[in-house]
$ cat start.pdb   # PDB, C-alpha atoms, pLDDT in the B column
ATOM      1  CA  MET A 890       0.000   0.000   0.000  1.00 94.00           C
ATOM      2  CA  GLU A 891       2.844   2.365   0.774  1.00 95.00           C
ATOM      3  CA  LYS A 892       4.427   1.884  -2.654  1.00 96.00           C
ATOM      4  CA  ILE A 893       1.093   2.404  -4.376  1.00 97.00           C
ATOM      5  CA  HIS A 894       0.465   5.509  -2.275  1.00 96.00           C
ATOM      6  CA  ASN A 895       3.946   6.831  -3.081  1.00 96.00           C
ATOM      7  CA  ALA A 896       3.358   6.343  -6.817  1.00 97.00           C
ATOM      8  CA  ILE A 897       0.014   8.122  -6.588  1.00 97.00           C
ATOM      9  CA  SER A 898       1.617  10.968  -4.639  1.00 96.00           C
ATOM     10  CA  LYS A 899       4.444  11.207  -7.167  1.00 97.00           C
ATOM     11  CA  ALA A 900       1.820  11.611  -9.896  1.00 97.00           C
ATOM     12  CA  ASP A 901       0.276  14.428  -7.796  1.00 97.00           C
ATOM     13  CA  LEU A 902      -2.977  12.496  -7.399  1.00 96.00           C
ATOM     14  CA  ALA A 903      -2.959  11.830  -3.639  1.00 92.00           C
ATOM     15  CA  ASN A 904      -5.751  14.347  -3.089  1.00 91.00           C
ATOM     16  CA  LYS A 905      -7.918  12.505  -5.655  1.00 95.00           C
ATOM     17  CA  ILE A 906      -7.111   8.813  -5.108  1.00 95.00           C
ATOM     18  CA  LYS A 907      -7.163   7.009  -1.755  1.00 96.00           C
ATOM     19  CA  VAL A 908      -5.313   3.754  -1.142  1.00 97.00           C
ATOM     20  CA  SER A 909      -7.164   1.286   1.039  1.00 97.00           C
ATOM     21  CA  THR A 910      -7.646  -2.417   1.654  1.00 96.00           C
ATOM     22  CA  ALA A 911     -10.417  -4.785   2.642  1.00 94.00           C
ATOM     23  CA  VAL A 912     -10.361  -7.362   5.425  1.00 93.00           C
ATOM     24  CA  GLN A 913     -12.518 -10.385   6.184  1.00 91.00           C
ATOM     25  CA  PRO A 914     -14.936 -10.677   9.145  1.00 87.00           C
ATOM     26  CA  VAL A 915     -12.722 -13.393  10.684  1.00 89.00           C
ATOM     27  CA  ILE A 916     -10.535 -10.615  12.134  1.00 92.00           C
ATOM     28  CA  LEU A 917     -13.375  -9.412  14.349  1.00 91.00           C
ATOM     29  CA  GLN A 918     -13.523 -10.368  18.001  1.00 93.00           C
ATOM     30  CA  GLU A 919     -16.857  -8.612  18.482  1.00 88.00           C
ATOM     31  CA  SER A 920     -19.122  -7.345  15.736  1.00 81.00           C
ATOM     32  CA  TYR A 921     -22.416  -6.620  17.456  1.00 79.00           C
ATOM     33  CA  PRO A 922     -23.466  -4.084  18.262  1.00 81.00           C
ATOM     34  CA  PRO A 923     -21.207  -2.159  15.879  1.00 81.00           C
ATOM     35  CA  SER A 924     -20.339   0.342  18.619  1.00 87.00           C
ATOM     36  CA  LYS A 925     -18.653  -2.515  20.533  1.00 88.00           C
ATOM     37  CA  GLY A 926     -16.749  -3.844  17.514  1.00 87.00           C
ATOM     38  CA  SER A 927     -13.185  -4.986  18.157  1.00 92.00           C
ATOM     39  CA  PHE A 928     -10.403  -6.858  16.401  1.00 94.00           C
ATOM     40  CA  ARG A 929      -9.015 -10.219  17.476  1.00 95.00           C
ATOM     41  CA  GLN A 930      -5.738  -9.815  19.353  1.00 97.00           C
ATOM     42  CA  ASP A 931      -3.946 -12.446  17.260  1.00 97.00           C
ATOM     43  CA  TYR A 932      -4.498 -10.272  14.161  1.00 96.00           C
ATOM     44  CA  ARG A 933      -3.315  -7.005  15.734  1.00 96.00           C
ATOM     45  CA  PRO A 934       0.384  -7.421  14.767  1.00 96.00           C
ATOM     46  CA  PHE A 935      -0.717  -7.446  11.116  1.00 94.00           C
ATOM     47  CA  LEU A 936      -3.573  -4.969  11.397  1.00 96.00           C
ATOM     48  CA  ASP A 937      -1.966  -2.219  13.458  1.00 96.00           C
ATOM     49  CA  PRO A 938       0.535  -1.141  10.757  1.00 97.00           C
ATOM     50  CA  ILE A 939      -2.242  -1.208   8.150  1.00 97.00           C
ATOM     51  CA  ILE A 940      -4.553   0.832  10.347  1.00 96.00           C
ATOM     52  CA  GLY A 941      -1.723   3.261  11.101  1.00 97.00           C
ATOM     53  CA  PHE A 942      -1.090   3.767   7.393  1.00 97.00           C
ATOM     54  CA  LEU A 943      -4.788   4.266   6.673  1.00 97.00           C
ATOM     55  CA  VAL A 944      -5.286   6.715   9.546  1.00 97.00           C
ATOM     56  CA  GLY A 945      -2.193   8.662   8.490  1.00 95.00           C
ATOM     57  CA  ASN A 946      -3.594   9.017   4.984  1.00 94.00           C
ATOM     58  CA  LYS A 947      -7.231   9.497   6.023  1.00 94.00           C
ATOM     59  CA  SER A 948      -8.225   6.372   4.113  1.00 96.00           C
ATOM     60  CA  PRO A 949     -10.928   3.888   5.098  1.00 96.00           C
ATOM     61  CA  LEU A 950     -10.476   0.306   6.235  1.00 95.00           C
ATOM     62  CA  LEU A 951     -13.024  -1.784   4.366  1.00 94.00           C
ATOM     63  CA  LEU A 952     -14.670  -4.876   5.807  1.00 89.00           C
ATOM     64  CA  ASN A 953     -16.101  -7.545   3.514  1.00 85.00           C
ATOM     65  CA  MET A 954     -19.345  -8.386   5.292  1.00 79.00           C
ATOM     66  CA  TYR A 955     -21.774 -10.756   3.702  1.00 74.00           C
ATOM     67  CA  PRO A 956     -25.168 -10.070   5.292  1.00 68.00           C
ATOM     68  CA  TYR A 957     -26.857 -11.973   2.480  1.00 67.00           C
ATOM     69  CA  PHE A 958     -25.472 -15.309   3.710  1.00 68.00           C
ATOM     70  CA  SER A 959     -26.556 -14.591   7.259  1.00 68.00           C
ATOM     71  CA  PHE A 960     -29.971 -13.567   5.992  1.00 69.00           C
ATOM     72  CA  ILE A 961     -30.625 -16.667   3.865  1.00 69.00           C
ATOM     73  CA  HIS A 962     -29.543 -19.032   6.640  1.00 72.00           C
ATOM     74  CA  ASN A 963     -31.913 -17.401   9.120  1.00 70.00           C
ATOM     75  CA  LEU A 964     -35.080 -17.210   7.042  1.00 67.00           C
ATOM     76  CA  PRO A 965     -38.253 -18.295   8.818  1.00 69.00           C
ATOM     77  CA  SER A 966     -39.536 -21.712   7.819  1.00 63.00           C
ATOM     78  CA  LYS A 967     -42.235 -21.645   5.128  1.00 57.00           C
ATOM     79  CA  HIS A 968     -44.076 -24.771   6.339  1.00 50.00           C
TER      80      HIS A 968
END
$ encode --input "start.pdb" --output "structure tokens"
Amino acid sequence: MEKIHNAISKADLANKIKVSTAVQPVILQESYPPSKGSFRQDYRPFLDPIIGFLVGNKSPLLLNMYPYFSFIHNLPSKH
């Protein structure tokens, strides 16, 4: 991400293009309610530098959530 960000900055596009990344829900210790969300401690050594980079560049951390799968597995029975 840093090299991509540096290339974007070198092209004078840093104010137009944000560099970010997406993570999977497996990194979450808590996810509900969202205000109590937290990351698993065993992922922090990998996540903290990423989060630091993103915060420093005012970029978002994206989370690949799949509410559709949760929804279809919890549909009421149609009997």
$ atom_distance --input "start.pdb" --atom1 "CA of Ser909 (chain A)" --atom2 "CA of Leu952 (chain A)"
10.8 Å
$ closest_residue --input "start.pdb" --among "A:Leu936, A:Ala903, A:Ala896, A:Val915" --to "Leu950 (chain A)" --atoms "only C-alpha atoms"
A:Leu936
$ residues_around --input "start.pdb" --residues "Val908 (chain A)" --least-positions-apart "5" --cutoff "7 Å" --atoms "all atoms listed in the file" --output "PDB file with C-alpha atoms, keeping the file's coordinate frame"
ATOM      1  CA  MET A 890       0.000   0.000   0.000  1.00 94.00           C
ATOM      2  CA  HIS A 894       0.465   5.509  -2.275  1.00 96.00           C
ATOM      3  CA  SER A 948      -8.225   6.372   4.113  1.00 96.00           C
TER       4      SER A 948
END
$ residues_around --input "start.pdb" --residues "Lys907 (chain A)" --least-positions-apart "5" --cutoff "10 Å" --atoms "all atoms listed in the file" --output "PyMOL selection string"
chain A and resi 893-894+897+902+943+946-949
$ atom_distance --input "start.pdb" --atom1 "CA of Tyr955 (chain A)" --atom2 "CA of Pro934 (chain A)"
25.0 Å
$ axis_aligned_box --input "start.pdb" --around "region 933-941 of chain A" --padding-each-side "3 Å" --output "AutoDock Vina command-line options"
--center_x -2.0 --center_y -2.1 --center_z 11.9 --size_x 11.1 --size_y 16.7 --size_z 13.6
$ atom_distance --input "start.pdb" --atom1 "CA of Gly926 (chain A)" --atom2 "CA of Ile906 (chain A)"
27.7 Å
$ resolve_selection --input "start.pdb" --expression "the PyMOL selection byres ((chain A and resi 911) around 7)" --output "PyMOL selection string"
chain A and resi 910+912-913+950-953
$ residues_around --input "start.pdb" --residues "Gln930 (chain A)" --least-positions-apart "6" --cutoff "12 Å" --atoms "all atoms listed in the file" --output "list of chain:residue names"
A:Val915, A:Ile916, A:Leu917, A:Gln918, A:Glu919, A:Leu936, A:Asp937
$ write_last_selection --input "start.pdb" --atoms "C-alpha atoms" --output "PDB file, in the frame of the given file"
ATOM      1  CA  VAL A 915     -12.722 -13.393  10.684  1.00 89.00           C
ATOM      2  CA  ILE A 916     -10.535 -10.615  12.134  1.00 92.00           C
ATOM      3  CA  LEU A 917     -13.375  -9.412  14.349  1.00 91.00           C
ATOM      4  CA  GLN A 918     -13.523 -10.368  18.001  1.00 93.00           C
ATOM      5  CA  GLU A 919     -16.857  -8.612  18.482  1.00 88.00           C
ATOM      6  CA  LEU A 936      -3.573  -4.969  11.397  1.00 96.00           C
ATOM      7  CA  ASP A 937      -1.966  -2.219  13.458  1.00 96.00           C
TER       8      ASP A 937
END
$ build_atoms --input "start.pdb" --residues "region 931-958 of chain A" --atoms "N, CA and C atoms" --output "mmCIF file, keeping the file's coordinate frame"
data_model
loop_
_atom_site.group_PDB
_atom_site.id
_atom_site.type_symbol
_atom_site.label_atom_id
_atom_site.label_comp_id
_atom_site.auth_asym_id
_atom_site.auth_seq_id
_atom_site.Cartn_x
_atom_site.Cartn_y
_atom_site.Cartn_z
ATOM 1 N N ASP A 931 -4.950 -11.733 18.051
ATOM 2 C CA ASP A 931 -3.946 -12.446 17.260
ATOM 3 C C ASP A 931 -3.750 -11.846 15.868
ATOM 4 N N TYR A 932 -4.645 -10.955 15.454
ATOM 5 C CA TYR A 932 -4.498 -10.272 14.161
ATOM 6 C C TYR A 932 -3.886 -8.880 14.311
ATOM 7 N N ARG A 933 -3.792 -8.370 15.523
ATOM 8 C CA ARG A 933 -3.315 -7.005 15.734
ATOM 9 C C ARG A 933 -1.903 -6.759 15.199
ATOM 10 N N PRO A 934 -0.952 -7.698 15.318
ATOM 11 C CA PRO A 934 0.384 -7.421 14.767
ATOM 12 C C PRO A 934 0.363 -7.134 13.262
ATOM 13 N N PHE A 935 -0.597 -7.694 12.555
ATOM 14 C CA PHE A 935 -0.717 -7.446 11.116
ATOM 15 C C PHE A 935 -1.582 -6.224 10.835
ATOM 16 N N LEU A 936 -2.621 -6.049 11.634
ATOM 17 C CA LEU A 936 -3.573 -4.969 11.397
ATOM 18 C C LEU A 936 -3.069 -3.599 11.819
ATOM 19 N N ASP A 937 -2.369 -3.524 12.940
ATOM 20 C CA ASP A 937 -1.966 -2.219 13.458
ATOM 21 C C ASP A 937 -1.162 -1.389 12.460
ATOM 22 N N PRO A 938 -0.173 -1.953 11.756
ATOM 23 C CA PRO A 938 0.535 -1.141 10.757
ATOM 24 C C PRO A 938 -0.378 -0.700 9.603
ATOM 25 N N ILE A 939 -1.294 -1.556 9.219
ATOM 26 C CA ILE A 939 -2.242 -1.208 8.150
ATOM 27 C C ILE A 939 -3.136 -0.071 8.607
ATOM 28 N N ILE A 940 -3.677 -0.212 9.808
ATOM 29 C CA ILE A 940 -4.553 0.832 10.347
ATOM 30 C C ILE A 940 -3.786 2.139 10.505
ATOM 31 N N GLY A 941 -2.545 2.057 10.970
ATOM 32 C CA GLY A 941 -1.723 3.261 11.101
ATOM 33 C C GLY A 941 -1.527 3.964 9.768
ATOM 34 N N PHE A 942 -1.244 3.198 8.733
ATOM 35 C CA PHE A 942 -1.090 3.767 7.393
ATOM 36 C C PHE A 942 -2.386 4.436 6.944
ATOM 37 N N LEU A 943 -3.503 3.736 7.123
ATOM 38 C CA LEU A 943 -4.788 4.266 6.673
ATOM 39 C C LEU A 943 -5.176 5.525 7.439
ATOM 40 N N VAL A 944 -4.978 5.527 8.744
ATOM 41 C CA VAL A 944 -5.286 6.715 9.546
ATOM 42 C C VAL A 944 -4.407 7.883 9.101
ATOM 43 N N GLY A 945 -3.119 7.613 8.908
ATOM 44 C CA GLY A 945 -2.193 8.662 8.490
ATOM 45 C C GLY A 945 -2.532 9.277 7.148
ATOM 46 N N ASN A 946 -3.219 8.524 6.313
ATOM 47 C CA ASN A 946 -3.594 9.017 4.984
ATOM 48 C C ASN A 946 -5.085 9.297 4.854
ATOM 49 N N LYS A 947 -5.784 9.241 5.991
ATOM 50 C CA LYS A 947 -7.231 9.497 6.023
ATOM 51 C C LYS A 947 -7.976 8.619 5.019
ATOM 52 N N SER A 948 -7.595 7.348 5.004
ATOM 53 C CA SER A 948 -8.225 6.372 4.113
ATOM 54 C C SER A 948 -9.043 5.387 4.942
ATOM 55 N N PRO A 949 -10.084 4.826 4.351
ATOM 56 C CA PRO A 949 -10.928 3.888 5.098
ATOM 57 C C PRO A 949 -10.343 2.475 5.144
ATOM 58 N N LEU A 950 -10.716 1.747 6.174
ATOM 59 C CA LEU A 950 -10.476 0.306 6.235
ATOM 60 C C LEU A 950 -11.803 -0.331 5.863
ATOM 61 N N LEU A 951 -11.793 -1.164 4.852
ATOM 62 C CA LEU A 951 -13.024 -1.784 4.366
ATOM 63 C C LEU A 951 -13.166 -3.182 4.953
ATOM 64 N N LEU A 952 -14.390 -3.560 5.251
ATOM 65 C CA LEU A 952 -14.670 -4.876 5.807
ATOM 66 C C LEU A 952 -15.639 -5.588 4.884
ATOM 67 N N ASN A 953 -15.238 -6.746 4.387
ATOM 68 C CA ASN A 953 -16.101 -7.545 3.514
ATOM 69 C C ASN A 953 -17.110 -8.303 4.363
ATOM 70 N N MET A 954 -18.274 -7.725 4.543
ATOM 71 C CA MET A 954 -19.345 -8.386 5.292
ATOM 72 C C MET A 954 -20.320 -8.967 4.277
ATOM 73 N N TYR A 955 -20.847 -10.092 4.598
ATOM 74 C CA TYR A 955 -21.774 -10.756 3.702
ATOM 75 C C TYR A 955 -23.106 -10.973 4.400
ATOM 76 N N PRO A 956 -23.890 -9.911 4.591
ATOM 77 C CA PRO A 956 -25.168 -10.070 5.292
ATOM 78 C C PRO A 956 -26.141 -10.979 4.543
ATOM 79 N N TYR A 957 -25.970 -11.113 3.253
ATOM 80 C CA TYR A 957 -26.857 -11.973 2.480
ATOM 81 C C TYR A 957 -26.805 -13.409 3.001
ATOM 82 N N PHE A 958 -25.604 -13.925 3.241
ATOM 83 C CA PHE A 958 -25.472 -15.309 3.710
ATOM 84 C C PHE A 958 -26.104 -15.491 5.081
#
